[in-house]
$ cat final30.cif   # mmCIF, C-alpha atoms
data_run
loop_
_atom_site.label_atom_id
_atom_site.label_comp_id
_atom_site.auth_asym_id
_atom_site.auth_seq_id
_atom_site.Cartn_x
_atom_site.Cartn_y
_atom_site.Cartn_z
CA MET A 270 161.39 149.37 -2.11
CA ALA A 271 161.99 148.92 -5.82
CA ALA A 272 161.10 145.55 -7.28
CA VAL A 273 164.03 143.26 -8.01
CA SER A 274 164.23 141.91 -11.52
CA TRP A 275 165.25 138.27 -11.12
CA LEU A 276 167.37 136.78 -13.88
CA THR A 277 166.61 133.33 -15.18
CA PHE A 278 168.87 130.84 -16.92
CA PRO A 279 168.17 127.74 -18.97
CA ALA A 280 167.46 124.51 -17.14
CA PRO A 281 170.58 122.41 -16.47
CA SER A 282 169.63 119.95 -19.21
CA TRP A 283 169.97 122.79 -21.75
CA LEU A 284 173.40 123.87 -20.56
CA GLY A 285 175.34 121.39 -22.61
CA ARG A 286 178.86 121.19 -21.27
CA VAL A 287 178.45 123.91 -18.63
CA SER A 288 179.29 122.13 -15.38
CA ALA A 289 178.20 122.87 -11.84
CA GLY A 290 181.77 123.96 -11.13
CA SER A 291 181.65 126.51 -13.95
CA LEU A 292 178.35 127.87 -12.69
CA VAL A 293 179.78 128.14 -9.17
CA ALA A 294 182.76 130.07 -10.54
CA ARG A 295 180.45 132.44 -12.42
CA GLY A 296 178.28 132.93 -9.35
CA TYR A 297 181.31 133.64 -7.20
CA ASP A 298 182.63 136.17 -9.71
CA GLU A 299 179.27 137.97 -9.81
CA SER A 300 179.17 138.07 -6.00
CA LEU A 301 182.53 139.87 -5.96
CA HIS A 302 180.91 142.61 -8.03
CA ASN A 303 177.87 142.72 -5.71
CA SER A 304 175.61 141.46 -8.51
CA LEU A 305 173.69 139.37 -6.00
CA PRO A 306 170.59 138.41 -8.06
CA THR A 307 172.83 137.30 -10.95
CA ALA A 308 175.12 135.40 -8.58
CA LEU A 309 172.14 133.70 -6.97
CA ALA A 310 170.77 132.65 -10.36
CA TYR A 311 174.06 131.00 -11.33
CA LEU A 312 174.37 129.24 -7.98
CA THR A 313 170.77 128.03 -8.10
CA GLN A 314 171.57 126.44 -11.46
CA ALA A 315 174.74 124.93 -9.99
CA VAL A 316 172.78 123.30 -7.15
CA ALA A 317 170.25 121.96 -9.66
CA ALA A 318 173.05 120.58 -11.84
CA ASN A 319 174.80 118.91 -8.89
CA PRO A 320 172.84 118.78 -5.60
CA ARG A 321 175.90 117.28 -3.87
CA HIS A 322 178.21 120.22 -4.64
CA PRO A 323 179.11 121.69 -1.21
CA GLU A 324 180.59 124.91 -2.60
CA ALA A 325 177.40 125.63 -4.54
CA HIS A 326 175.29 125.26 -1.40
CA PHE A 327 177.76 127.29 0.68
CA LEU A 328 177.96 130.21 -1.73
CA ARG A 329 174.21 130.18 -2.37
CA GLY A 330 173.68 130.30 1.40
CA MET A 331 176.08 133.23 1.77
CA ILE A 332 174.39 135.18 -1.05
CA LEU A 333 170.98 134.60 0.50
CA TYR A 334 172.38 135.79 3.85
CA ARG A 335 173.64 139.00 2.25
CA MET A 336 170.19 139.48 0.74
CA GLY A 337 168.50 139.10 4.13
CA ARG A 338 166.74 135.84 3.23
CA LEU A 339 167.76 134.16 6.46
CA THR A 340 165.58 131.03 6.46
CA GLU A 341 166.66 130.03 2.94
CA SER A 342 170.25 130.87 3.81
CA ALA A 343 170.17 128.60 6.85
CA ASP A 344 168.77 125.72 4.77
CA GLU A 345 171.60 126.04 2.23
CA LEU A 346 174.31 126.38 4.87
CA GLU A 347 173.00 123.38 6.81
CA ALA A 348 173.25 121.38 3.59
CA ALA A 349 176.79 122.68 3.02
CA ALA A 350 177.78 121.73 6.59
CA GLN A 351 176.62 118.15 6.07
CA MET A 352 178.69 117.81 2.90
CA ASP A 353 181.75 119.76 4.11
CA PRO A 354 181.78 119.84 7.94
CA GLY A 355 185.23 121.43 8.20
CA ARG A 356 184.36 124.97 7.15
CA GLU A 357 184.36 127.43 10.04
CA GLU A 358 182.60 130.24 8.13
CA THR A 359 179.54 128.04 7.57
CA TYR A 360 179.00 127.63 11.32
CA VAL A 361 179.76 131.29 12.09
CA THR A 362 177.10 132.43 9.63
CA LEU A 363 174.60 129.86 10.90
CA ALA A 364 175.25 131.08 14.45
CA ARG A 365 174.55 134.67 13.37
CA ILE A 366 171.35 133.66 11.58
CA TYR A 367 169.98 131.66 14.50
CA GLU A 368 170.97 134.40 16.98
CA ARG A 369 169.02 136.95 14.91
CA LYS A 370 166.04 134.60 14.74
CA GLY A 371 166.12 134.01 18.51
CA ARG A 372 166.98 130.32 18.20
CA LEU A 373 169.71 130.64 20.77
CA ASP A 374 170.50 126.98 21.42
CA GLN A 375 171.19 126.48 17.70
CA ALA A 376 173.18 129.72 17.60
CA LEU A 377 175.33 128.54 20.49
CA SER A 378 175.92 125.04 19.10
CA ASN A 379 177.01 126.41 15.72
CA ALA A 380 179.27 129.03 17.32
CA MET A 381 180.85 126.30 19.45
CA GLU A 382 181.46 124.20 16.35
CA ALA A 383 183.13 127.16 14.61
CA ALA A 384 185.32 127.84 17.65
CA LYS A 385 186.26 124.17 17.84
CA LEU A 386 187.41 124.23 14.22
CA ASN A 387 189.44 127.42 14.72
CA PRO A 388 189.84 128.57 18.34
CA ARG A 389 191.83 131.64 17.23
CA SER A 390 189.15 132.93 14.89
CA ALA A 391 187.83 136.29 16.08
CA ALA A 392 184.65 135.74 14.05
CA ALA A 393 183.99 132.41 15.78
CA GLN A 394 184.71 133.79 19.24
CA ARG A 395 182.54 136.81 18.57
CA ALA A 396 179.66 134.60 17.44
CA LEU A 397 180.15 132.56 20.60
CA GLY A 398 180.15 135.71 22.73
CA ALA A 399 176.95 136.96 21.08
CA ALA A 400 175.18 133.64 21.69
CA TYR A 401 176.27 133.53 25.34
CA PHE A 402 175.23 137.16 25.78
CA ARG A 403 171.74 136.54 24.36
CA LYS A 404 171.36 133.55 26.68
CA GLY A 405 172.26 135.72 29.70
CA LYS A 406 175.60 133.99 30.31
CA TYR A 407 177.56 137.22 30.63
CA GLU A 408 180.74 135.77 32.15
CA LYS A 409 181.10 133.28 29.31
CA ALA A 410 180.35 136.07 26.81
CA VAL A 411 183.17 138.15 28.28
CA GLU A 412 185.55 135.16 28.12
CA SER A 413 184.75 134.68 24.43
CA TYR A 414 185.23 138.35 23.60
CA GLU A 415 188.50 138.37 25.54
CA ARG A 416 189.71 135.45 23.41
CA ALA A 417 188.67 137.32 20.28
CA LYS A 418 190.86 140.25 21.34
CA GLN A 419 193.93 138.04 20.93
CA THR A 420 193.55 138.20 17.14
CA PRO A 421 193.74 141.32 14.95
CA GLU A 422 190.31 140.71 13.38
CA GLU A 423 187.24 142.79 14.19
CA LEU A 424 188.84 144.46 17.21
CA GLY A 425 186.48 147.40 17.09
CA TRP A 426 183.41 145.20 17.44
CA VAL A 427 185.01 142.97 20.05
CA HIS A 428 185.82 145.93 22.32
CA ASN A 429 182.42 147.48 21.62
CA ASN A 430 180.62 144.32 22.69
CA LEU A 431 182.73 144.01 25.83
CA GLY A 432 182.08 147.64 26.65
CA TYR A 433 178.37 147.18 26.17
CA ILE A 434 178.32 144.24 28.59
CA TYR A 435 180.12 146.33 31.22
CA LEU A 436 177.74 149.22 30.50
CA LEU A 437 174.74 146.99 31.16
CA GLY A 438 176.36 145.75 34.36
CA GLY A 439 176.99 149.31 35.61
CA ASP A 440 180.80 149.03 35.57
CA LEU A 441 181.35 152.42 33.95
CA ASP A 442 185.15 152.51 34.28
CA LYS A 443 185.56 149.24 32.39
CA ALA A 444 182.87 150.25 29.89
CA VAL A 445 184.63 153.52 29.08
CA LYS A 446 187.99 151.79 28.77
CA GLU A 447 186.73 149.13 26.35
CA LEU A 448 184.66 151.56 24.28
CA GLU A 449 187.53 154.02 23.95
CA VAL A 450 189.67 151.18 22.60
CA ALA A 451 186.81 150.25 20.23
CA VAL A 452 186.68 153.78 18.83
CA ARG A 453 190.46 153.93 18.43
CA ALA A 454 190.42 150.59 16.61
CA ALA A 455 187.45 151.52 14.39
CA PRO A 456 186.88 155.30 14.32
CA ASP A 457 183.99 154.96 11.85
CA ASN A 458 182.00 152.54 14.01
CA ALA A 459 178.90 154.60 14.80
CA VAL A 460 177.56 152.01 17.27
CA ALA A 461 180.76 152.06 19.32
CA ARG A 462 180.78 155.87 19.36
CA ASN A 463 177.18 156.01 20.51
CA ASN A 464 177.86 153.46 23.24
CA LEU A 465 180.92 155.44 24.34
CA GLY A 466 178.69 158.52 24.50
CA VAL A 467 176.29 156.67 26.78
CA ALA A 468 179.18 155.56 29.01
CA TYR A 469 180.50 159.14 29.19
CA GLU A 470 177.04 160.51 29.94
CA ARG A 471 176.48 158.05 32.77
CA SER A 472 179.92 159.03 34.10
CA ASP A 473 178.83 162.72 34.05
CA ARG A 474 181.31 163.52 31.27
CA LEU A 475 178.57 165.32 29.38
CA TRP A 476 180.51 167.28 26.76
CA GLU A 477 182.50 164.21 25.81
CA ALA A 478 179.20 162.35 25.49
CA ARG A 479 177.89 165.09 23.20
CA ARG A 480 181.01 164.80 21.01
CA GLU A 481 180.55 161.04 20.55
CA TYR A 482 176.83 161.34 19.80
CA LEU A 483 177.60 163.99 17.17
CA MET A 484 180.31 161.85 15.62
CA ALA A 485 178.03 158.81 15.52
CA SER A 486 175.30 160.86 13.84
CA ARG A 487 177.72 162.17 11.22
CA ILE A 488 179.11 158.71 10.48
CA ASP A 489 175.63 157.18 10.07
CA PRO A 490 172.87 159.78 9.55
CA ASN A 491 170.25 157.00 9.51
CA TYR A 492 171.21 155.73 12.98
CA ALA A 493 168.51 157.05 15.32
CA ASN A 494 170.05 156.33 18.73
CA PRO A 495 172.70 159.08 18.82
CA ARG A 496 170.20 161.71 17.62
CA ARG A 497 167.78 160.71 20.35
CA ASN A 498 170.57 160.70 22.92
CA LEU A 499 171.64 164.20 21.86
CA GLU A 500 168.10 165.48 22.36
CA ASP A 501 167.88 163.89 25.81
CA LEU A 502 171.30 165.28 26.76
CA ALA A 503 170.58 168.90 25.78
CA PRO A 504 168.76 169.94 29.00
CA ARG A 505 171.62 168.63 31.15
CA LEU A 506 174.17 170.58 29.10
CA LYS A 507 172.18 173.79 29.59
CA LEU A 508 172.18 173.27 33.37
CA GLU A 509 175.96 172.75 33.35
CA LYS A 510 176.73 176.00 31.50
#
$ encode --input "final30.cif" --output "structure tokens"
Amino acid sequence: MAAVSWLTFPAPSWLGRVSAGSLVARGYDESLHNSLPTALAYLTQAVAANPRHPEAHFLRGMILYRMGRLTESADELEAAAQMDPGREETYVTLARIYERKGRLDQALSNAMEAAKLNPRSAAAQRALGAAYFRKGKYEKAVESYERAKQTPEELGWVHNNLGYIYLLGGDLDKAVKELEVAVRAAPDNAVARNNLGVAYERSDRLWEARREYLMASRIDPNYANPRRNLEDLAPRLKLEK
């Protein structure tokens, strides 16, 4: 991986009239152009200039999350939540971070807080479903994903996650139904197509499975699962000819 050249800015005491708000605005603008190191540098200066600026902590946390620096991101977002507890996106992102780190109780509590702030948010319900799923509470996970389906957001992922739960439980009819909806909602979702391929294969719909594995591989050539599934499927296809 190529080394990242980190930008540095003068200490806040040298900035003259440049306020924390101005630095936040500059950081936000850089983030829109995916200039993440530059955005982070501005937001770090904003936090130093005004440690009680909730937007600075929130945006710095989101940039760190996009950069994969999850522990630092969680620290910033926790600080933002204390200063501005009414922001749903803060809790959704914290839930995702803690779910990825295996801290499932914290993931669940943050997802619940997000859902309490906005019960109709698909992102909040999806975070809640993911936390319940990881904790083995599959019925509650399904309930959360079903609630997420009532909004137009992220439908492809919602149906994919529901389908995956049914796939794990061996309910192939429901799995196929949900995953077909996922693929219709988001045709370029390689994960959903691969999962649909698995559901088709387990339902002995082998050529349909092959089609979905091929599509998933074309959409995301770096995604190993569909390639491996294609290789495993090949002997069964030969027997069916």
$ resolve_selection --input "final30.cif" --expression "the PyMOL selection byres ((chain A and resi 308) around 8)" --output "compact mmCIF listing (two decimals) with C-alpha atoms, keeping the file's coordinate frame"
# COMPACT_ATOMS: atom_id res chain seq x y z
CA ARG A 295 180.45 132.44 -12.42
CA GLY A 296 178.28 132.93 -9.35
CA TYR A 297 181.31 133.64 -7.20
CA ASP A 298 182.63 136.17 -9.71
CA GLU A 299 179.27 137.97 -9.81
CA SER A 300 179.17 138.07 -6.00
CA SER A 304 175.61 141.46 -8.51
CA LEU A 305 173.69 139.37 -6.00
CA PRO A 306 170.59 138.41 -8.06
CA THR A 307 172.83 137.30 -10.95
CA LEU A 309 172.14 133.70 -6.97
CA ALA A 310 170.77 132.65 -10.36
CA TYR A 311 174.06 131.00 -11.33
CA LEU A 312 174.37 129.24 -7.98
CA ILE A 332 174.39 135.18 -1.05
$ resolve_selection --input "final30.cif" --expression "the PyMOL selection byres ((chain A and resi 343-359) around 9)" --output "PDB file with C-alpha atoms, keeping the file's coordinate frame"
ATOM      1  CA  ARG A 321     175.900 117.280  -3.870  1.00  0.00           C
ATOM      2  CA  HIS A 322     178.210 120.220  -4.640  1.00  0.00           C
ATOM      3  CA  PRO A 323     179.110 121.690  -1.210  1.00  0.00           C
ATOM      4  CA  GLU A 324     180.590 124.910  -2.600  1.00  0.00           C
ATOM      5  CA  ALA A 325     177.400 125.630  -4.540  1.00  0.00           C
ATOM      6  CA  HIS A 326     175.290 125.260  -1.400  1.00  0.00           C
ATOM      7  CA  PHE A 327     177.760 127.290   0.680  1.00  0.00           C
ATOM      8  CA  LEU A 328     177.960 130.210  -1.730  1.00  0.00           C
ATOM      9  CA  ARG A 329     174.210 130.180  -2.370  1.00  0.00           C
ATOM     10  CA  GLY A 330     173.680 130.300   1.400  1.00  0.00           C
ATOM     11  CA  MET A 331     176.080 133.230   1.770  1.00  0.00           C
ATOM     12  CA  LEU A 333     170.980 134.600   0.500  1.00  0.00           C
ATOM     13  CA  TYR A 334     172.380 135.790   3.850  1.00  0.00           C
ATOM     14  CA  ARG A 338     166.740 135.840   3.230  1.00  0.00           C
ATOM     15  CA  LEU A 339     167.760 134.160   6.460  1.00  0.00           C
ATOM     16  CA  THR A 340     165.580 131.030   6.460  1.00  0.00           C
ATOM     17  CA  GLU A 341     166.660 130.030   2.940  1.00  0.00           C
ATOM     18  CA  SER A 342     170.250 130.870   3.810  1.00  0.00           C
ATOM     19  CA  TYR A 360     179.000 127.630  11.320  1.00  0.00           C
ATOM     20  CA  VAL A 361     179.760 131.290  12.090  1.00  0.00           C
ATOM     21  CA  THR A 362     177.100 132.430   9.630  1.00  0.00           C
ATOM     22  CA  LEU A 363     174.600 129.860  10.900  1.00  0.00           C
ATOM     23  CA  ALA A 364     175.250 131.080  14.450  1.00  0.00           C
ATOM     24  CA  ILE A 366     171.350 133.660  11.580  1.00  0.00           C
ATOM     25  CA  TYR A 367     169.980 131.660  14.500  1.00  0.00           C
ATOM     26  CA  ASN A 379     177.010 126.410  15.720  1.00  0.00           C
ATOM     27  CA  GLU A 382     181.460 124.200  16.350  1.00  0.00           C
ATOM     28  CA  ALA A 383     183.130 127.160  14.610  1.00  0.00           C
ATOM     29  CA  ALA A 384     185.320 127.840  17.650  1.00  0.00           C
ATOM     30  CA  LYS A 385     186.260 124.170  17.840  1.00  0.00           C
ATOM     31  CA  LEU A 386     187.410 124.230  14.220  1.00  0.00           C
ATOM     32  CA  ASN A 387     189.440 127.420  14.720  1.00  0.00           C
ATOM     33  CA  SER A 390     189.150 132.930  14.890  1.00  0.00           C
ATOM     34  CA  ALA A 392     184.650 135.740  14.050  1.00  0.00           C
ATOM     35  CA  ALA A 393     183.990 132.410  15.780  1.00  0.00           C
TER      36      ALA A 393
END
$ closest_residue --input "final30.cif" --among "A:Lys446, A:Arg474, A:Arg462, A:His428" --to "Ser413 of chain A" --atoms "all atoms listed in the file"
A:His428
$ closest_residue --input "final30.cif" --among "A:Glu415, A:Glu368, A:Glu477, A:Glu408" --to "Arg389 of chain A" --atoms "all atoms listed in the file"
A:Glu415
$ resolve_selection --input "final30.cif" --expression "the PyMOL selection byres ((chain A and resi 373) around 10)" --output "JSON, numbers by chain"
{"A": [364, 365, 366, 367, 368, 369, 370, 371, 372, 374, 375, 376, 377, 378, 379, 399, 400, 401, 402, 403, 404]}
$ atom_distance --input "final30.cif" --atom1 "atom CA of Arg479 of chain A" --atom2 "atom CA of Leu431 of chain A"
21.8 Å
